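Novice: Input: one structure, supplied below.
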Amino acid sequence: MLKKTMPVLRVAIAQINSKVGDILGNAQKIASFIEKSKDFGADLVIFPEFSVTGSPAYDLFTCKSFVKEAEKGIEYLLPHTNGIVAVIPSVRLFGDSLFNSAYIISKGGVLKSYEKRRIKRLTHLDETRYFHPGDRPCVVSVGGVQLEILMGEEFTDYEKRKDTPLILVLDSSIYRVGEIDKKREALKKSFPDLHFCYVNLVGGQDEWIFYGGSFVGYGERILSEAKTFEEDLIFFDFELRGEVSLFEEKVSKKDYEKPIVPLRGSPPKDVLEKEILKALILATKDYAHKNGFQTACLGISGGIDSALTAYIASRALGSQNVTGLFMPSRYTAKESYEDAKQLARNLQIELLEVPIDGLIESYFNLLKGILVEELREVTVENIQARIRANLLMAFSNNKGALVLTTSNKSELATGYFTLYGDSAGGFAVLKDVPKTLIYRLCEYVNKKEGRFIIPKRVLEKEPSAELKFNQKDTDELPPYHVLDSLIEEYIEGKMGGLEVENKPLLETVKETLMRFFKNEYKRRQAPCGPTISLRSLGRDSDFPITNLWRYREWSL
């Protein structure tokens with residue numbers, strides 16, 4: 001145990017990755033972090049919101065058995081709190097009312113609990129659907145130090161209390177591009193002359209990514225911070241001077257198992273790409289492992305989408321646990337085969353070649369006996385995509401591998417994918433990643449790896465679905481730099497009421513919006529995938545499928 005100069009309050013901030021519904025497993029993890037905190041002489045350890053239940057648990061919160069199990073999780077933790085105070089968020093039932101609570105536990109018993117007062121309709125969790133608001137603040141004394149507990153967004157309208165110099169903020173905040181810095185600035189603004197400890201959940205849960213990023217601050221200063229997108233445990237010492245509640249930060253630099261994360265300097269050039277890539281890798285790893293998958297498979301076409309998906313999968317699950325299926329047809333270019341093989345060698349993943357021309361002919365012969373008319377071009381194209389999906393699903397069934405879908409946000413917005421074809425799968429890694437960002441991420445990967453791990457030609461060649469000869473994505477879509485700008489401006493932003501003076505651009509806007517509305521039925525059937533943008537096309541989007549608005553005459 002580390003020695004302390006008294007009077008000092010040593011706080012441990014436990015940034016953990018909880019699994020929704022795995023209450024015993026979560027409790028065991030919490031217990032291990034409590035024990036580790038005690039080993040380092042901590043007086044107080046704090047955990048993120050919903051640490052016991054995982055988040056978001058949605059309608060599991062309405063199951064009495066689930067709530068009772070959560071209460072048992074707290075009981076399991078009681079014996080571990082001798083010699084330390086632990087603040088552990090879970091849920092608590094009073095009569096027929098369920099509360100989002102934080103338990104303050106010490107010496108094998110619950111000292112008190114705090115019921116979150118400010119419940120909201122959040123994007124990832126409608127708290128008003130499940131919880132009743134608490135009606136009183138929670139101030140506790142630990143080691144002679146008065147501290148107040150807040151949860152979620154309650155810090156945004158915090159009113160300073162006399163003789164309460166330390167604030168604990170327990171959160172389960174989801175990742176969006178720019179959210180980490182935004183949250184940090186909001187916290188610093190809320191506590192201009194107070195010390196505060198912010199602890200956030202970390203991990204992937206279906207569409208959502210909890211980014212961690214816990215830290216200790218005093219006004220504009222960040223005194224210590226945890227890592228992002230991984231579990232972490234950091235410590236901080238607060239030293240009381242005299243009779244006045246003023247604290248001086250004091251950090252041991254040698255004795256902790258791992259050093260305090262250094263303060264952020266000027267962000268590097270590739271900070272956004274690095275952040276997004278870490279988020280996608282965490283989301284893929286957690287979705288697979290939390291759902292019982294150790295291996296994954298995907299179709300590798302020689303194109304950029306499958307290349308980035310394969311890279312993320314190999315880093316999330318290990319190269320030895322990823323299999324690519326290259327399924328060429330008569331329309332597949334020789335260069336695509338070469339690029340697929342090169343990518344597999346670079347990533348050290350298994351690549352299986354499964355030609356599909358024979359299957360295509362079988363389909364054609366069968367349909368000739370059913371259909372009088374000639375097969376339409378779109379029918380021929382979609383048959384190929386659906387054959388590939390069938391092969392991937394068969395591989396998945398036999399091997400127990402998770403099928404990773406390679407479609408991106410640009411395709412999702414416009415419906416430029418085959419339903420039950422290239423959209424089929426268990427997890428869509430790039431669901432919220434537009435095509436232009438995919439190029440940026442691939443360029444960052446190559447820079448980070450110090451070589452063309454994503455083959456150079458994949459970055460340079462014109463995108464094509466290769467479902468017919470000489471096909472290019474731009475045969476049906478605007479160039480991706482134009483399309484992605486329209487998606488960001490008119491779909492992620494305001495829709496309608498737009499002023500576009502350039503007539504060709506106006507027609508492109510109309511066509512893009514028409515495609516967007518027309519393909520809502522496809523998006524509803526697409527697999528879930530991680531959210532990174534301010535407005536995804538999954539849970540963030542809720543347009544009607546039967547929608548006559550899309551047939552109106554546009555007057556932008």
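Residue numbering restarts at 1 in every chain; chains get A, B, ... in the order shown in the structure tokens, and ligands count up from 1 in that same order.
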From the DSSP assignment of the backbone, select every residue of region 197-427 of chain A that is strand (DSSP E or B), and format the answer as a ChimeraX atom specification.

Specialist: /A:197-200,202-205,208-212,215-218,221-225,228,232-241,244-250,261,296-299,322-326,350-353,402-405,427

Novice: Please list as a PyMOL selection string every residue within 12 Å of Asn346 (chain A), counting only C-alpha atoms and excluding residues in the same chain fewer than 6 positions away.

Specialist: chain A and resi 307+310-311+314+319+339-340+446+449+451-455

Novice: Using the selection just defined, write its residues with N, CA, C and O atoms as a PDB file, in the first residue's frame.

Specialist:
```pdb
ATOM      1  N   ALA A 307     -11.951  -3.379 -47.399  1.00  0.00           N
ATOM      2  CA  ALA A 307     -10.569  -3.287 -46.912  1.00  0.00           C
ATOM      3  C   ALA A 307     -10.530  -2.678 -45.518  1.00  0.00           C
ATOM      4  O   ALA A 307      -9.865  -3.200 -44.611  1.00  0.00           O
ATOM      5  N   ALA A 310     -12.150  -5.058 -42.954  1.00  0.00           N
ATOM      6  CA  ALA A 310     -11.243  -6.164 -42.630  1.00  0.00           C
ATOM      7  C   ALA A 310     -10.145  -5.700 -41.681  1.00  0.00           C
ATOM      8  O   ALA A 310      -9.761  -6.429 -40.745  1.00  0.00           O
ATOM      9  N   TYR A 311      -9.621  -4.511 -41.908  1.00  0.00           N
ATOM     10  CA  TYR A 311      -8.586  -3.970 -41.014  1.00  0.00           C
ATOM     11  C   TYR A 311      -9.127  -3.824 -39.595  1.00  0.00           C
ATOM     12  O   TYR A 311      -8.500  -4.256 -38.615  1.00  0.00           O
ATOM     13  N   SER A 314      -9.624  -7.197 -37.939  1.00  0.00           N
ATOM     14  CA  SER A 314      -8.375  -7.851 -37.552  1.00  0.00           C
ATOM     15  C   SER A 314      -7.797  -7.240 -36.286  1.00  0.00           C
ATOM     16  O   SER A 314      -7.204  -7.941 -35.461  1.00  0.00           O
ATOM     17  N   SER A 319      -6.092 -11.118 -36.137  1.00  0.00           N
ATOM     18  CA  SER A 319      -6.058 -11.557 -37.540  1.00  0.00           C
ATOM     19  C   SER A 319      -6.422 -13.025 -37.699  1.00  0.00           C
ATOM     20  O   SER A 319      -7.077 -13.417 -38.679  1.00  0.00           O
ATOM     21  N   ASP A 339      -5.824  -7.197 -55.487  1.00  0.00           N
ATOM     22  CA  ASP A 339      -5.901  -6.308 -54.315  1.00  0.00           C
ATOM     23  C   ASP A 339      -6.449  -7.041 -53.094  1.00  0.00           C
ATOM     24  O   ASP A 339      -6.005  -6.806 -51.961  1.00  0.00           O
ATOM     25  N   ALA A 340      -7.412  -7.923 -53.318  1.00  0.00           N
ATOM     26  CA  ALA A 340      -7.964  -8.704 -52.204  1.00  0.00           C
ATOM     27  C   ALA A 340      -6.893  -9.615 -51.600  1.00  0.00           C
ATOM     28  O   ALA A 340      -6.771  -9.723 -50.367  1.00  0.00           O
ATOM     29  N   ASN A 446      -2.636   3.613 -43.163  1.00  0.00           N
ATOM     30  CA  ASN A 446      -1.354   3.396 -43.831  1.00  0.00           C
ATOM     31  C   ASN A 446      -0.251   4.240 -43.204  1.00  0.00           C
ATOM     32  O   ASN A 446       0.889   3.783 -43.043  1.00  0.00           O
ATOM     33  N   GLU A 449       0.529   2.628 -39.788  1.00  0.00           N
ATOM     34  CA  GLU A 449       1.244   1.355 -39.919  1.00  0.00           C
ATOM     35  C   GLU A 449       2.603   1.514 -40.588  1.00  0.00           C
ATOM     36  O   GLU A 449       3.425   0.597 -40.568  1.00  0.00           O
ATOM     37  N   ARG A 451       3.182   1.715 -43.791  1.00  0.00           N
ATOM     38  CA  ARG A 451       3.248   1.034 -45.086  1.00  0.00           C
ATOM     39  C   ARG A 451       1.839   0.978 -45.674  1.00  0.00           C
ATOM     40  O   ARG A 451       0.865   1.311 -45.008  1.00  0.00           O
ATOM     41  N   PHE A 452       1.752   0.540 -46.920  1.00  0.00           N
ATOM     42  CA  PHE A 452       0.449   0.434 -47.579  1.00  0.00           C
ATOM     43  C   PHE A 452      -0.229  -0.859 -47.142  1.00  0.00           C
ATOM     44  O   PHE A 452      -0.326  -1.815 -47.913  1.00  0.00           O
ATOM     45  N   ILE A 453      -0.707  -0.884 -45.909  1.00  0.00           N
ATOM     46  CA  ILE A 453      -1.438  -2.063 -45.447  1.00  0.00           C
ATOM     47  C   ILE A 453      -2.775  -2.159 -46.183  1.00  0.00           C
ATOM     48  O   ILE A 453      -3.273  -3.232 -46.477  1.00  0.00           O
ATOM     49  N   ILE A 454      -3.376  -0.992 -46.480  1.00  0.00           N
ATOM     50  CA  ILE A 454      -4.480  -0.916 -47.435  1.00  0.00           C
ATOM     51  C   ILE A 454      -3.821  -0.674 -48.795  1.00  0.00           C
ATOM     52  O   ILE A 454      -3.200   0.381 -48.986  1.00  0.00           O
ATOM     53  N   PRO A 455      -3.881  -1.611 -49.724  1.00  0.00           N
ATOM     54  CA  PRO A 455      -3.134  -1.460 -50.983  1.00  0.00           C
ATOM     55  C   PRO A 455      -3.370  -0.113 -51.654  1.00  0.00           C
ATOM     56  O   PRO A 455      -4.489   0.413 -51.650  1.00  0.00           O
TER      57      PRO A 455
END
```

Novice: Between A:Gln205, A:Asn291, A:Asn82, A:Gln525, which one has atoms that come closest to Leu412 (chain A), using only C-alpha atoms?

Specialist: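 Nearest candidate to Leu412 (chain A) out of A:Gln205, A:Asn291, A:Asn82, A:Gln525: A:Gln525.
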
Novice: Excluding region 349-357 of chain A and residues on its chain fewer than 5 positions from it, collect all residues at most 6 Å away from it, counting only C-alpha atoms, and give them as a short mmCIF file (atom, residue, chain, number, x, y, z; two decimals) with C-alpha atoms, in the first residue's frame.

Specialist:
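out.cif written:
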```
data_model
loop_
_atom_site.label_atom_id
_atom_site.label_comp_id
_atom_site.auth_asym_id
_atom_site.auth_seq_id
_atom_site.Cartn_x
_atom_site.Cartn_y
_atom_site.Cartn_z
CA SER A 319 -6.06 -11.56 -37.54
CA VAL A 322 -11.02 -13.14 -39.31
CA THR A 323 -11.87 -14.87 -42.60
CA GLY A 324 -12.48 -13.08 -45.86
CA LEU A 325 -14.48 -14.59 -48.71
CA PHE A 326 -13.55 -13.38 -52.18
CA MET A 327 -16.50 -14.29 -54.42
CA PRO A 328 -15.69 -13.30 -58.01
CA SER A 329 -18.05 -13.33 -60.96
CA ALA A 344 -5.26 -10.48 -46.85
#
```

Novice: Write out as a PyMOL selection string the residues lying within 8 Å of Thr53 (chain A), counting only C-alpha atoms and excluding same-chain residues fewer than 5 positions away.

Specialist: chain A and resi 18-23+26+70+90-91

Novice: Among region 120-356 of chain A, which ones does DSSP place in helix (DSSP H, G or I), written as a ChimeraX atom specification?

Specialist: /A:127-130,152-157,179-190,271-290,304-317,319-321,334-347

Novice: Can you tell me which residues surround Val110 (chain A) at a distance of at most 12 Å, considering only C-alpha atoms, apart from same-chain residues fewer than 4 positions away, and format the answer as a PyMOL selection string?

Specialist: chain A and resi 71+74-82+85-88+102-106+114

Novice: Just checking: using only C-alpha atoms, which residue out of A:Gly144, A:Gly529, A:Gly109, A:Gly54 ends up closest to Ile16 (chain A)?

Specialist: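 The answer is A:Gly54, which sits nearest to Ile16 (chain A).
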
Novice: Can you list, as a ChimeraX atom specification, every protein, DNA or RNA residue that comes within 9 Å of Arg523 (chain A) when you count only C-alpha atoms, leaving out same-chain residues fewer than 2 positions away?

Specialist: /A:412-413,415,519-521,525-527,537-538

Novice: Name all residues at most 7 Å from region 422-437 of chain A (count only C-alpha atoms; drop same-chain ones fewer than 2 positions away) and give them as number ranges by chain.

Specialist: A: 280, 284, 309, 385, 389, 402-410, 417-420, 439-441, 480-481, 484, 526-533, 536
